[in-house]
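Have a look at the structure below before the remarks.
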Amino acid sequence: MRSNPKALTGLLLLGVFVVLAVAGPWLAPFDPSQRSSDLLLPPSSAHWFGTTHLGQDIFSQVLVGTRSVVFVGAVAGVVATVLSVLVGVTSGYLSGSAGEGLSALSNVFLVIPALPLIIIITSSLPQTSNLTIALTIGLTSWAWNARVLRAQTLSLRRRDYVEAARATGESTWRIIVFEILPNLTAVIASGFVGTVLFAVVSEITLAFIGVSDAGGWNWGTVLYWAQSQQALAQGAWWWFVPAGLAIAVLGTALSLVNFGIDEYVNPRLRGRTSARGVRMRVGFTPVLSEEAS
Amino acid sequence: MSFLLKRFAFYLVTAWAAVTINFLVPRLIPGDPVQALITKQRGQMTTEAVRSLYVLFGLDKNESLAEQYVHYLGQLLRGDLGLSFTFFPSPVADVIGTGLPWTVGLVGITTVIGFAIGTAAGTVAGWRRGSWADALIPITTFLSSIPYFWLGLVAIALLTGPASFFPAGGAYETGLVPGWDWEFVGSVLRHSLLPAVTILISSVSGWILSMRNMMVTVSSEDYVTVAHAKGLSERRVMVAYAARNALLPNVSGFALALGFIVGGTLLVEIVFSYPGLGLQLFQAVGAKDYPLMQGIFLIITLSVLLANLLADVAYLALDPRTRREG
């Protein structure tokens, strides 16, 4: 992992976002909701990202909004991952109708379009907060990982070492927790990262259409105001560019971490490290001395 | 044939699950949304509309949950999705009917084109691993991390304007009468170009990545080595041997990605004021128009299920193993 530049870059970027999530409200130069007479100004040294139609400082809004984004991503990721491990591993390990039933359940959730479902649930709730949004996203987006985990568990279940553990009389839960789960770590981790990405984009999308934590800020709320105040028609590019770039950078960081995990698990996907200077003829495995990578 | 039957049964179950979610969600929420809405409409509603609302929301206290459910299913089977508040007094079914063709056209065409381009690019990127084609990966990663709607916002800011070829919103020139003449069709194409390109750019990278990874996995299989050893041309091995097999997971992945793409498309419609289901959903959320929201959710789910069924038929045609009896 340590020699994987992609994963390292991703983790570093993620670290920056987490720090901003914790320290954002203190670092912000202005109160994000505070109005002033500097209406719709382009970026300057006083307002790094410019101001809104009410004179609010966009830099502060983006900084303060980081906390909500990171919070929802983390909570939804944890909820969905726990559910997917429960459903996926159980349905993979249990044979018969119980396993099939759980598998069918995750397939149903997989096919129903997630975003409209999240929209109807969150907008029906009497009040929306970051927590309810995170829980709704977490409870509806576990199915993909459950499916991957089930497939992986099915293939692990018949391995010799699991059979051996069963033959020595280990209990079912011990086999699952100590024999099977450790071999699923990479799959679970990559599923978690993927879910966090999905949760972040969903939360921002929800905020963009007007479903968000009352009174709170996140990147989607910034975009919501930019859209509803016709920022584009007024040429106020600074209003929506920073929030969008923040989403894209966070998303790229998460994807990079996931690539790192993928390459860790499947060495074939590692790029040029083993093929330096050799145009690999696909189909024949070149015999190269293993470089210390 | 049993493969298709099984899938069909599964989609029926899923459709039932979606209907049931729709039934349960408003019933689990405390309070009386209908009363609030009736006051908002200031008595403009007919008693029939109010009763239909109470059935939709399950606030008819004289009925048990099971009776409500039967009632609800009955309403749905008659195509009665309730009355919309934003477009009062139009029935939800009529409102959705005006938006659906735009969304289906936009999503359908861009998804098929995106899948074709992405699969082709992924094939080449996977085959030429370790060459310049690898540069595609970080670029596509970055593009796929951008939310669809934000890309749309940027496109509007950069490319539209009073003197621009691209209109900033709508589906056709105001003042034109919809019909099959050149002026109207041309106007529709011009208006849908930017939204379509936005969706394409965002969705194509997913296909590229998954196809590339499958190509990398497949290209070290024995049958590819054999094809090389037989002296077949590079191109033939790539297309007819490696890509032919790498395609299968991508086709079954198609079904799963569709729900995600549809979600993104709804947002693109909002940004471009494209008069499809996405824009209607946006208006419905803003106005707390629950019947319209639920109707749109149901229709979207059913459309996605139908598209999945089509993808299954394609899979059936591509993979002979699924056609084997038993």
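Residue numbering restarts at 1 in every chain; chains get A, B, ... in the order shown in the structure tokens, and ligands count up from 1 in that same order.
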Inset, instruction - Find the spatial neighbours of stretch 266-280 of chain B, counting only C-alpha atoms, within a cut-off of 8 Å - ignore same-chain residues fewer than 5 positions away - and output them as an MDAnalysis selection string. - result: (chainID A and resid 205 227) or (chainID B and resid 96 98:103 148:149 152:153 156 168:171 195 198:199 296)
Write the residues you've just listed into a file as a PDB file, in the first residue's frame, and include N, CA, C and O atoms for each of them.
ATOM      1  N   THR A 205     -26.715  16.427  -4.178  1.00  0.00           N
ATOM      2  CA  THR A 205     -27.820  16.476  -5.115  1.00  0.00           C
ATOM      3  C   THR A 205     -29.114  16.847  -4.406  1.00  0.00           C
ATOM      4  O   THR A 205     -29.888  17.679  -4.884  1.00  0.00           O
ATOM      5  N   GLN A 227     -28.144  28.424  -8.171  1.00  0.00           N
ATOM      6  CA  GLN A 227     -29.100  28.115  -9.232  1.00  0.00           C
ATOM      7  C   GLN A 227     -30.367  28.957  -9.097  1.00  0.00           C
ATOM      8  O   GLN A 227     -30.854  29.524 -10.063  1.00  0.00           O
TER       9      GLN A 227
ATOM     10  N   ILE B  96     -47.381  13.413 -15.753  1.00  0.00           N
ATOM     11  CA  ILE B  96     -46.241  12.557 -16.071  1.00  0.00           C
ATOM     12  C   ILE B  96     -46.223  12.233 -17.554  1.00  0.00           C
ATOM     13  O   ILE B  96     -45.166  12.184 -18.185  1.00  0.00           O
ATOM     14  N   THR B  98     -46.890  14.087 -19.997  1.00  0.00           N
ATOM     15  CA  THR B  98     -46.256  15.133 -20.804  1.00  0.00           C
ATOM     16  C   THR B  98     -44.736  15.124 -20.627  1.00  0.00           C
ATOM     17  O   THR B  98     -44.009  15.537 -21.516  1.00  0.00           O
ATOM     18  N   GLY B  99     -44.245  14.681 -19.458  1.00  0.00           N
ATOM     19  CA  GLY B  99     -42.805  14.726 -19.213  1.00  0.00           C
ATOM     20  C   GLY B  99     -42.068  13.483 -19.680  1.00  0.00           C
ATOM     21  O   GLY B  99     -40.907  13.544 -20.063  1.00  0.00           O
ATOM     22  N   LEU B 100     -42.779  12.356 -19.648  1.00  0.00           N
ATOM     23  CA  LEU B 100     -42.112  11.072 -19.894  1.00  0.00           C
ATOM     24  C   LEU B 100     -41.405  10.981 -21.254  1.00  0.00           C
ATOM     25  O   LEU B 100     -40.256  10.545 -21.305  1.00  0.00           O
ATOM     26  N   PRO B 101     -42.048  11.386 -22.359  1.00  0.00           N
ATOM     27  CA  PRO B 101     -41.367  11.216 -23.658  1.00  0.00           C
ATOM     28  C   PRO B 101     -40.022  11.928 -23.710  1.00  0.00           C
ATOM     29  O   PRO B 101     -39.058  11.392 -24.248  1.00  0.00           O
ATOM     30  N   TRP B 102     -39.943  13.133 -23.122  1.00  0.00           N
ATOM     31  CA  TRP B 102     -38.680  13.882 -23.147  1.00  0.00           C
ATOM     32  C   TRP B 102     -37.603  13.131 -22.398  1.00  0.00           C
ATOM     33  O   TRP B 102     -36.478  13.003 -22.880  1.00  0.00           O
ATOM     34  N   THR B 103     -37.952  12.649 -21.198  1.00  0.00           N
ATOM     35  CA  THR B 103     -36.950  11.950 -20.402  1.00  0.00           C
ATOM     36  C   THR B 103     -36.520  10.660 -21.076  1.00  0.00           C
ATOM     37  O   THR B 103     -35.327  10.355 -21.165  1.00  0.00           O
ATOM     38  N   TYR B 148     -23.316  15.205 -12.343  1.00  0.00           N
ATOM     39  CA  TYR B 148     -23.842  15.536 -13.667  1.00  0.00           C
ATOM     40  C   TYR B 148     -24.288  16.996 -13.734  1.00  0.00           C
ATOM     41  O   TYR B 148     -24.015  17.699 -14.688  1.00  0.00           O
ATOM     42  N   PHE B 149     -25.028  17.419 -12.700  1.00  0.00           N
ATOM     43  CA  PHE B 149     -25.673  18.726 -12.811  1.00  0.00           C
ATOM     44  C   PHE B 149     -24.645  19.850 -12.796  1.00  0.00           C
ATOM     45  O   PHE B 149     -24.845  20.886 -13.414  1.00  0.00           O
ATOM     46  N   GLY B 152     -23.335  20.388 -16.113  1.00  0.00           N
ATOM     47  CA  GLY B 152     -24.347  21.117 -16.868  1.00  0.00           C
ATOM     48  C   GLY B 152     -24.271  22.603 -16.595  1.00  0.00           C
ATOM     49  O   GLY B 152     -24.345  23.428 -17.523  1.00  0.00           O
ATOM     50  N   LEU B 153     -24.097  22.967 -15.327  1.00  0.00           N
ATOM     51  CA  LEU B 153     -23.997  24.383 -14.963  1.00  0.00           C
ATOM     52  C   LEU B 153     -22.819  25.039 -15.672  1.00  0.00           C
ATOM     53  O   LEU B 153     -22.923  26.136 -16.222  1.00  0.00           O
ATOM     54  N   ILE B 156     -23.534  25.498 -19.340  1.00  0.00           N
ATOM     55  CA  ILE B 156     -24.414  26.643 -19.578  1.00  0.00           C
ATOM     56  C   ILE B 156     -23.620  27.942 -19.488  1.00  0.00           C
ATOM     57  O   ILE B 156     -23.733  28.835 -20.331  1.00  0.00           O
ATOM     58  N   ALA B 168     -30.133  27.945 -23.680  1.00  0.00           N
ATOM     59  CA  ALA B 168     -29.800  27.647 -22.290  1.00  0.00           C
ATOM     60  C   ALA B 168     -30.840  26.762 -21.620  1.00  0.00           C
ATOM     61  O   ALA B 168     -30.600  26.232 -20.549  1.00  0.00           O
ATOM     62  N   GLY B 169     -32.001  26.608 -22.203  1.00  0.00           N
ATOM     63  CA  GLY B 169     -33.006  25.794 -21.529  1.00  0.00           C
ATOM     64  C   GLY B 169     -34.165  25.465 -22.423  1.00  0.00           C
ATOM     65  O   GLY B 169     -34.250  25.925 -23.570  1.00  0.00           O
ATOM     66  N   GLY B 170     -35.078  24.647 -21.891  1.00  0.00           N
ATOM     67  CA  GLY B 170     -36.257  24.255 -22.648  1.00  0.00           C
ATOM     68  C   GLY B 170     -35.951  23.111 -23.585  1.00  0.00           C
ATOM     69  O   GLY B 170     -34.815  22.663 -23.706  1.00  0.00           O
ATOM     70  N   ALA B 171     -37.002  22.601 -24.236  1.00  0.00           N
ATOM     71  CA  ALA B 171     -36.819  21.473 -25.138  1.00  0.00           C
ATOM     72  C   ALA B 171     -36.996  21.876 -26.587  1.00  0.00           C
ATOM     73  O   ALA B 171     -36.557  21.186 -27.490  1.00  0.00           O
ATOM     74  N   PRO B 195     -27.620  19.094 -23.015  1.00  0.00           N
ATOM     75  CA  PRO B 195     -27.916  18.117 -21.961  1.00  0.00           C
ATOM     76  C   PRO B 195     -27.372  16.744 -22.300  1.00  0.00           C
ATOM     77  O   PRO B 195     -26.779  16.070 -21.445  1.00  0.00           O
ATOM     78  N   THR B 198     -23.624  16.558 -21.831  1.00  0.00           N
ATOM     79  CA  THR B 198     -23.308  16.549 -20.402  1.00  0.00           C
ATOM     80  C   THR B 198     -23.454  15.152 -19.826  1.00  0.00           C
ATOM     81  O   THR B 198     -22.572  14.651 -19.116  1.00  0.00           O
ATOM     82  N   ILE B 199     -24.585  14.504 -20.130  1.00  0.00           N
ATOM     83  CA  ILE B 199     -24.815  13.159 -19.598  1.00  0.00           C
ATOM     84  C   ILE B 199     -23.775  12.195 -20.159  1.00  0.00           C
ATOM     85  O   ILE B 199     -23.231  11.352 -19.434  1.00  0.00           O
ATOM     86  N   ILE B 296     -43.971   9.943  -9.993  1.00  0.00           N
ATOM     87  CA  ILE B 296     -42.741   9.960 -10.777  1.00  0.00           C
ATOM     88  C   ILE B 296     -41.820   8.828 -10.350  1.00  0.00           C
ATOM     89  O   ILE B 296     -41.241   8.132 -11.183  1.00  0.00           O
TER      90      ILE B 296
END
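Within 7 Å of chain B, and using only C-alpha atoms, the residues found on chain A are A:Val108, A:Leu110, A:Val111, A:Ile112, A:Pro113, A:Ala114, A:Leu115, A:Pro116, A:Leu117, A:Ile120, A:Ile121, A:Ser123, A:Ser124, A:Leu125, A:Val201, A:Ile209, A:Gly210, A:Leu232, A:Gly244, A:Ile247, A:Ala248, A:Gly251, A:Thr252, A:Ser255, A:Gly271, A:Arg272, A:Val282, A:Gly283, A:Phe284.
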For C-alpha atoms, I'd like the residues from the last selection saved as a short mmCIF file (atom, residue, chain, number, x, y, z; two decimals), in the first residue's frame.
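Contents of selection02.cif, as written:
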data_model
loop_
_atom_site.label_atom_id
_atom_site.label_comp_id
_atom_site.auth_asym_id
_atom_site.auth_seq_id
_atom_site.Cartn_x
_atom_site.Cartn_y
_atom_site.Cartn_z
CA VAL A 108 -34.55 -5.62 -5.49
CA LEU A 110 -30.20 -2.72 -6.54
CA VAL A 111 -32.66 -2.28 -9.37
CA ILE A 112 -34.88 0.40 -7.80
CA PRO A 113 -33.32 3.76 -8.78
CA ALA A 114 -31.73 5.01 -5.58
CA LEU A 115 -31.87 8.76 -6.07
CA PRO A 116 -35.64 9.10 -6.64
CA LEU A 117 -36.21 6.73 -3.72
CA ILE A 120 -39.29 10.68 -1.84
CA ILE A 121 -38.22 9.40 1.58
CA SER A 123 -38.86 14.95 1.42
CA SER A 124 -41.64 13.07 3.23
CA LEU A 125 -39.83 13.29 6.56
CA VAL A 201 -22.95 13.05 -4.29
CA ILE A 209 -32.96 20.40 -5.30
CA GLY A 210 -33.81 21.92 -1.93
CA LEU A 232 -25.30 31.86 -14.36
CA GLY A 244 -18.31 21.94 -7.77
CA ILE A 247 -16.98 17.81 -4.96
CA ALA A 248 -14.87 16.70 -7.90
CA GLY A 251 -14.68 12.34 -5.47
CA THR A 252 -11.33 11.88 -7.19
CA SER A 255 -11.75 6.96 -6.40
CA GLY A 271 -0.19 -0.27 -14.37
CA ARG A 272 3.28 0.17 -15.71
CA VAL A 282 -1.29 -9.02 -24.28
CA GLY A 283 -1.90 -12.72 -24.07
CA PHE A 284 1.66 -13.77 -23.31
#
Inset, instruction - Could you tell me how far atom CA of A:Pro5 lies from atom CA of A:Val265, in Å and to one decimal? - result: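 Straight-line distance from atom CA of A:Pro5 to atom CA of A:Val265 works out to 15.5 Å.
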